[in-house]
Number of protein chains: 2
Amino acid sequence: MKVTDLDGAVKSSKAPAIARAAAILRLLGKADGPMGLQPIARELGLVPSTCLYVLRTLVGEGLVAFDQPTKRYRLDAGILTLARQYLRSDPFPGVVQSSLDKIASEHGVTALGVQISGLDHIIALAVSESEGNFSLSTRVGSRFPALISATGRCIAAFGAHDPARLRKRFDQLRWDNPPGFNLWKKQVEQARRDGYAIDAGHYIAGVTVLAAPVYTTSATPSHAIVALGLEGVISAAGPDRLGDTLRREAALVSASLGGGPSDG
Amino acid sequence: MKVTDLDGAVKSSKAPAIARAAAILRLLGKADGPMGLQPIARELGLVPSTCLYVLRTLVGEGLVAFDQPTKRYRLDAGILTLARQYLRSDPFPGVVQSSLDKIASEHGVTALGVQISGLDHIIALAVSESEGNFSLSTRVGSRFPALISATGRCIAAFGAHDPARLRKRFDQLRWDNPPGFNLWKKQVEQARRDGYAIDAGHYIAGVTVLAAPVYTTSATPSHAIVALGLEGVISAAGPDRLGDTLRREAALVSASLGGGPSDG
DNA sequence: CCTTGCCATTGCAAATATTGAACGCTATTC
DNA sequence: GAATAGCGTTCAATATTTGCAATGGCAAGG
């Protein structure tokens, strides 16, 4: 299906124009270059006239730039202003940064602070990369499916989600080396016991990922601290020690943000 | 008037829900903490029910976060994802960064690459701060009125705008030490001759600002390179040399982005 | 030079989002 | 402890946006 869940989002919402606008913004972001009206409308399954009105309004708001001679649209800097305001208002990036720096430098891995958005996806809010050698690079704002990799096992282990929904989401994931659902469930159990989750080459071949949950307000984790490294590097340094560090730092960050620790 | 130009934007548009959504996003960004439905609606002059539907859709899109127990709304990380995509698609920040670093380190000033959005405002897209001592700090995404300070004189000098509109905008500006309109016009003329503009303590007392226009596609400048420093620092180092540097770097950046130089 | 095809744009009818009042609820005040 | 005030939410009528078809303009191709 070419159209994502736009149809559903539009019909179920009482403000469909906004769902369309968001879809257009994401499409323009994904696109390699500026896009014309018709390609946008076709890609999203929108009527061109409606699409035109949406785009014009977005241009008026400074969120989309319009190139008059070529009649092409692209994202504009207004997005940046909102992003800056968001970063000023969310305490998590600032609180987690020092933990990430410590983890990255002491263990030679790339450390991420991510936000968990339900079962949909996770978003990287803070990043720290280890100095030397090769490091796996990610940028703030990157999005990943929620249930994939180590963070996914954390969400499943500590999130108290409906098993049926979990299974449905799980089946949609794309792994380099997919674990069977039963193996995955066992790993989720293991994560629940350990207080952190580990993904050894399933998500990305040759890359080991660890994650520990962070709690802010509710009893289900809202964020996570993640560590990525080449399989060899992490297994040499001892995944257990790294996992313990993650769990400890995650608990510290949880406490800083007023959230209760996991094990009660 | 508490309500900005929302009424105008809503009525003139064929997609008013989007204008409302953008206003809500900006309001949530400006606010000190999470906001309830009613304060948002009151501040923006919206009907609560409409506001509720807009907010729900924004939450569904991951642009706004909703705290169920307190029923409060705030910006969410989805904004960041869009911002990252924007930064990947706009070549200006990458191209201008090395120029800014050079200007900042050689002249001991804070250097900015800004985008010009018509006569409305300018947005900082790239920043470089000088190492030692105190430096004036600004962050990527910051917004300023278009006609203020040195950049404003650049826009007036090289932008080919309607004098009446210019005057109207000028009268709305807030300066620490407002220049009279006639003095300002003379300074604009001077900027046109020099190829760069200078604001000596008018915008912010004790701070000197210089700016030179960058051209990408059209004959009116789309971006600018800006340098800020304490009045004493800049007058000691020689504003002319700094201005010449700005003009030269701006021309280089213009060339890199395929734009024609100013003087033909 | 004419034709063809695609694109952006506009007008009109119909489906639909917006409005304003009413409801239940919580937290505050007397 | 009761009443009140404010909040978030729902519902039905209406003004509005949406969707479709037609228009005009541009560029490529014959």
# chains A, B, ... in the order shown; residues from 1 in each chain; ligands from 1
$ closest_atom_pairs --of "segment 142-181 of chain A" --to "segment 203-224 of chain A" --cutoff "8 Å" --atoms "only C-alpha atoms" --output "tab-separated table"
residue	atom	partner	partner_atom	distance
A:Ile148	CA	A:Tyr203	CA	6.8
A:Ser149	CA	A:Tyr203	CA	5.3
A:Ala150	CA	A:Leu210	CA	5.4
A:Thr151	CA	A:Ala211	CA	5.3
A:Cys154	CA	A:Pro213	CA	6.3
A:Ile155	CA	A:Pro221	CA	7.2
A:Phe158	CA	A:Thr220	CA	6.3
A:Gly159	CA	A:Thr220	CA	4.8
A:Ala160	CA	A:Thr220	CA	7.0
A:Arg174	CA	A:Tyr203	CA	7.8
A:Trp175	CA	A:Tyr203	CA	4.7
A:Asp176	CA	A:Tyr203	CA	5.4
A:Asn177	CA	A:Tyr203	CA	6.5
A:Pro178	CA	A:Tyr203	CA	7.3
$ write_last_selection --atoms "C-alpha atoms" --output "short mmCIF file (atom, residue, chain, number, x, y, z; two decimals), in the first residue's frame"
data_model
loop_
_atom_site.label_atom_id
_atom_site.label_comp_id
_atom_site.auth_asym_id
_atom_site.auth_seq_id
_atom_site.Cartn_x
_atom_site.Cartn_y
_atom_site.Cartn_z
CA ILE A 148 12.56 -3.34 16.84
CA SER A 149 15.92 -4.11 18.38
CA ALA A 150 16.76 -3.87 22.09
CA THR A 151 14.45 -0.95 22.81
CA CYS A 154 12.28 -3.14 26.68
CA ILE A 155 8.94 -1.79 25.58
CA PHE A 158 8.10 -3.22 30.86
CA GLY A 159 5.27 -1.61 28.92
CA ALA A 160 2.26 -3.74 29.93
CA ARG A 174 11.94 -5.78 9.26
CA TRP A 175 15.11 -7.29 10.75
CA ASP A 176 18.37 -8.30 9.16
CA ASN A 177 18.07 -11.62 11.03
CA PRO A 178 14.51 -11.89 12.30
#
$ closest_atom_pairs --of "chain B" --to "chain D" --cutoff "10 Å" --atoms "only C-alpha atoms (C1' of nucleotides)" --output "Markdown table"
| residue | atom | partner | partner_atom | distance |
| --- | --- | --- | --- | --- |
| B:Lys14 | CA | D:DT17 | C1' | 7.0 |
| B:Ala15 | CA | D:DT17 | C1' | 7.4 |
| B:Pro16 | CA | D:DT17 | C1' | 9.1 |
| B:Gly36 | CA | D:DC7 | C1' | 8.8 |
| B:Leu37 | CA | D:DG8 | C1' | 7.6 |
| B:Gln38 | CA | D:DC7 | C1' | 7.4 |
| B:Pro48 | CA | D:DG8 | C1' | 9.0 |
| B:Ser49 | CA | D:DT9 | C1' | 8.1 |
| B:Leu52 | CA | D:DG8 | C1' | 8.7 |
| B:Lys71 | CA | D:DG8 | C1' | 8.2 |
$ closest_residue --among "A:Val95, A:Ile18, A:Val114, A:Ala227" --to "chain B" --atoms "only C-alpha atoms"
A:Ile18
$ atom_distance --atom1 "atom CA of Ser12 of chain B" --atom2 "atom CA of Arg84 of chain A"
28.4 Å
$ select_by_dssp --residues "segment 97-254 of chain A" --states "helix (DSSP H, G or I)" --output "PyMOL selection string"
chain A and resi 97-107+149-158+163-171+181-194+231-237+239-254
$ residues_around --residues "Ser128 of chain A" --least-positions-apart "6" --cutoff "10 Å" --atoms "only C-alpha atoms (C1' of nucleotides)" --output "list in words"
Gln97, Ser98, Ser99, Leu100, Asp101, Lys102, Ile103, Ala104, Ser105, Val109, Thr110, Ala111, Leu112, Gly113, Ser137, Thr138, Arg139, Val140 and Ala227 of chain A
$ interface_residues --of "chain B" --to "chain A" --cutoff "6 Å" --atoms "only C-alpha atoms" --output "MDAnalysis selection string"
chainID B and resid 14:15 18 29 53:54 75 79:81 83:86 141:142
$ write_last_selection --atoms "N, CA and C atoms" --output "PDB file, in the first residue's frame"
ATOM      1  N   LYS B  14      -7.925  28.659   2.946  1.00  0.00           N
ATOM      2  CA  LYS B  14      -8.912  27.616   2.665  1.00  0.00           C
ATOM      3  C   LYS B  14      -8.643  26.373   3.486  1.00  0.00           C
ATOM      4  N   ALA B  15      -7.717  26.453   4.405  1.00  0.00           N
ATOM      5  CA  ALA B  15      -7.448  25.327   5.299  1.00  0.00           C
ATOM      6  C   ALA B  15      -7.194  25.881   6.697  1.00  0.00           C
ATOM      7  N   ILE B  18      -5.316  24.243   9.664  1.00  0.00           N
ATOM      8  CA  ILE B  18      -3.853  24.183   9.672  1.00  0.00           C
ATOM      9  C   ILE B  18      -3.262  25.447  10.274  1.00  0.00           C
ATOM     10  N   GLY B  29       5.064  26.116  22.184  1.00  0.00           N
ATOM     11  CA  GLY B  29       6.505  26.313  22.212  1.00  0.00           C
ATOM     12  C   GLY B  29       6.900  27.484  23.086  1.00  0.00           C
ATOM     13  N   TYR B  53     -10.275  19.205  19.111  1.00  0.00           N
ATOM     14  CA  TYR B  53     -10.114  18.337  17.951  1.00  0.00           C
ATOM     15  C   TYR B  53      -8.748  18.549  17.289  1.00  0.00           C
ATOM     16  N   VAL B  54      -8.362  19.798  17.199  1.00  0.00           N
ATOM     17  CA  VAL B  54      -7.051  20.096  16.620  1.00  0.00           C
ATOM     18  C   VAL B  54      -5.951  19.448  17.451  1.00  0.00           C
ATOM     19  N   LEU B  75       4.626  20.350  23.363  1.00  0.00           N
ATOM     20  CA  LEU B  75       5.228  19.901  22.110  1.00  0.00           C
ATOM     21  C   LEU B  75       5.811  18.506  22.298  1.00  0.00           C
ATOM     22  N   ILE B  79       8.228  16.882  16.150  1.00  0.00           N
ATOM     23  CA  ILE B  79       8.768  18.116  15.607  1.00  0.00           C
ATOM     24  C   ILE B  79      10.239  17.940  15.233  1.00  0.00           C
ATOM     25  N   LEU B  80      10.960  17.266  16.112  1.00  0.00           N
ATOM     26  CA  LEU B  80      12.401  17.076  15.903  1.00  0.00           C
ATOM     27  C   LEU B  80      12.684  16.311  14.619  1.00  0.00           C
ATOM     28  N   THR B  81      11.875  15.295  14.367  1.00  0.00           N
ATOM     29  CA  THR B  81      12.075  14.487  13.170  1.00  0.00           C
ATOM     30  C   THR B  81      11.947  15.347  11.920  1.00  0.00           C
ATOM     31  N   ALA B  83      12.392  18.539  11.769  1.00  0.00           N
ATOM     32  CA  ALA B  83      13.494  19.492  11.737  1.00  0.00           C
ATOM     33  C   ALA B  83      14.758  18.835  11.182  1.00  0.00           C
ATOM     34  N   ARG B  84      14.970  17.591  11.568  1.00  0.00           N
ATOM     35  CA  ARG B  84      16.147  16.897  11.059  1.00  0.00           C
ATOM     36  C   ARG B  84      16.041  16.734   9.549  1.00  0.00           C
ATOM     37  N   GLN B  85      14.864  16.367   9.086  1.00  0.00           N
ATOM     38  CA  GLN B  85      14.678  16.210   7.653  1.00  0.00           C
ATOM     39  C   GLN B  85      14.887  17.540   6.936  1.00  0.00           C
ATOM     40  N   TYR B  86      14.406  18.613   7.565  1.00  0.00           N
ATOM     41  CA  TYR B  86      14.620  19.923   6.944  1.00  0.00           C
ATOM     42  C   TYR B  86      16.114  20.222   6.810  1.00  0.00           C
ATOM     43  N   GLY B 141      17.466  28.127  14.982  1.00  0.00           N
ATOM     44  CA  GLY B 141      16.019  28.133  15.100  1.00  0.00           C
ATOM     45  C   GLY B 141      15.473  29.413  15.692  1.00  0.00           C
ATOM     46  N   SER B 142      16.341  30.256  16.234  1.00  0.00           N
ATOM     47  CA  SER B 142      15.873  31.511  16.814  1.00  0.00           C
ATOM     48  C   SER B 142      15.277  32.416  15.744  1.00  0.00           C
TER      49      SER B 142
END
$ interface_residues --of "chain C" --to "chain B" --cutoff "9 Å" --atoms "only C-alpha atoms (C1' of nucleotides)" --output "PyMOL selection string"
chain C and resi 17-20
$ write_last_selection --atoms "C-alpha atoms (C1' of nucleotides)" --output "CSV table (one decimal), in the first residue's frame"
chain,number,residue,atom,x,y,z
C,17,DA,C1',-15.8,20.3,10.1
C,18,DT,C1',-16.9,24.1,13.1
C,19,DT,C1',-19.6,26.3,16.2
C,20,DG,C1',-22.0,27.1,20.6
$ select_by_dssp --residues "segment 21-211 of chain A" --states "strand (DSSP E)" --output "PyMOL selection string"
chain A and resi 64-67+72-75+110-117+121-128+143-145+197-200+207-211
$ write_last_selection --atoms "C-alpha atoms" --output "JSON list (two decimals), in the first residue's frame"
[["chain", "number", "residue", "atom", "x", "y", "z"],
["A", 64, "VAL", "CA", 6.90, 25.03, 3.76],
["A", 65, "ALA", "CA", 8.88, 27.03, 1.23],
["A", 66, "PHE", "CA", 7.50, 27.66, -2.25],
["A", 67, "ASP", "CA", 9.72, 28.28, -5.23],
["A", 72, "ARG", "CA", 7.96, 23.37, -6.20],
["A", 73, "TYR", "CA", 7.54, 22.91, -2.46],
["A", 74, "ARG", "CA", 10.00, 21.95, 0.24],
["A", 75, "LEU", "CA", 10.30, 22.18, 4.03],
["A", 110, "THR", "CA", 27.36, 5.05, 20.57],
["A", 111, "ALA", "CA", 24.84, 6.03, 23.23],
["A", 112, "LEU", "CA", 21.32, 7.31, 22.55],
["A", 113, "GLY", "CA", 18.54, 8.79, 24.64],
["A", 114, "VAL", "CA", 15.25, 7.96, 22.96],
["A", 115, "GLN", "CA", 11.61, 8.77, 23.52],
["A", 116, "ILE", "CA", 9.03, 5.99, 23.28],
["A", 117, "SER", "CA", 5.85, 6.94, 21.42],
["A", 121, "HIS", "CA", 8.04, 4.40, 17.06],
["A", 122, "ILE", "CA", 10.94, 5.72, 19.08],
["A", 123, "ILE", "CA", 12.74, 9.00, 18.40],
["A", 124, "ALA", "CA", 16.34, 9.81, 19.25],
["A", 125, "LEU", "CA", 16.44, 12.90, 21.48],
["A", 126, "ALA", "CA", 20.10, 12.91, 22.45],
["A", 127, "VAL", "CA", 23.22, 11.25, 21.07],
["A", 128, "SER", "CA", 26.77, 10.71, 22.20],
["A", 143, "ARG", "CA", 12.88, 7.61, 14.02],
["A", 144, "PHE", "CA", 12.75, 3.83, 14.39],
["A", 145, "PRO", "CA", 9.91, 1.33, 14.75],
["A", 197, "ALA", "CA", 17.43, -5.72, 26.89],
["A", 198, "ILE", "CA", 19.97, -6.91, 24.34],
["A", 199, "ASP", "CA", 19.79, -7.43, 20.59],
["A", 200, "ALA", "CA", 22.79, -9.28, 19.18],
["A", 207, "VAL", "CA", 25.72, -4.69, 15.49],
["A", 208, "THR", "CA", 24.80, -5.32, 19.12],
["A", 209, "VAL", "CA", 22.26, -3.05, 20.78],
["A", 210, "LEU", "CA", 21.41, -2.73, 24.48],
["A", 211, "ALA", "CA", 18.63, -0.69, 26.05]]
$ atom_distance --atom1 "atom CA of Lys186 of chain A" --atom2 "atom CA of Ser254 of chain A"
26.0 Å
$ atom_distance --atom1 "atom CA of Leu173 of chain A" --atom2 "atom CA of Arg153 of chain A"
12.7 Å
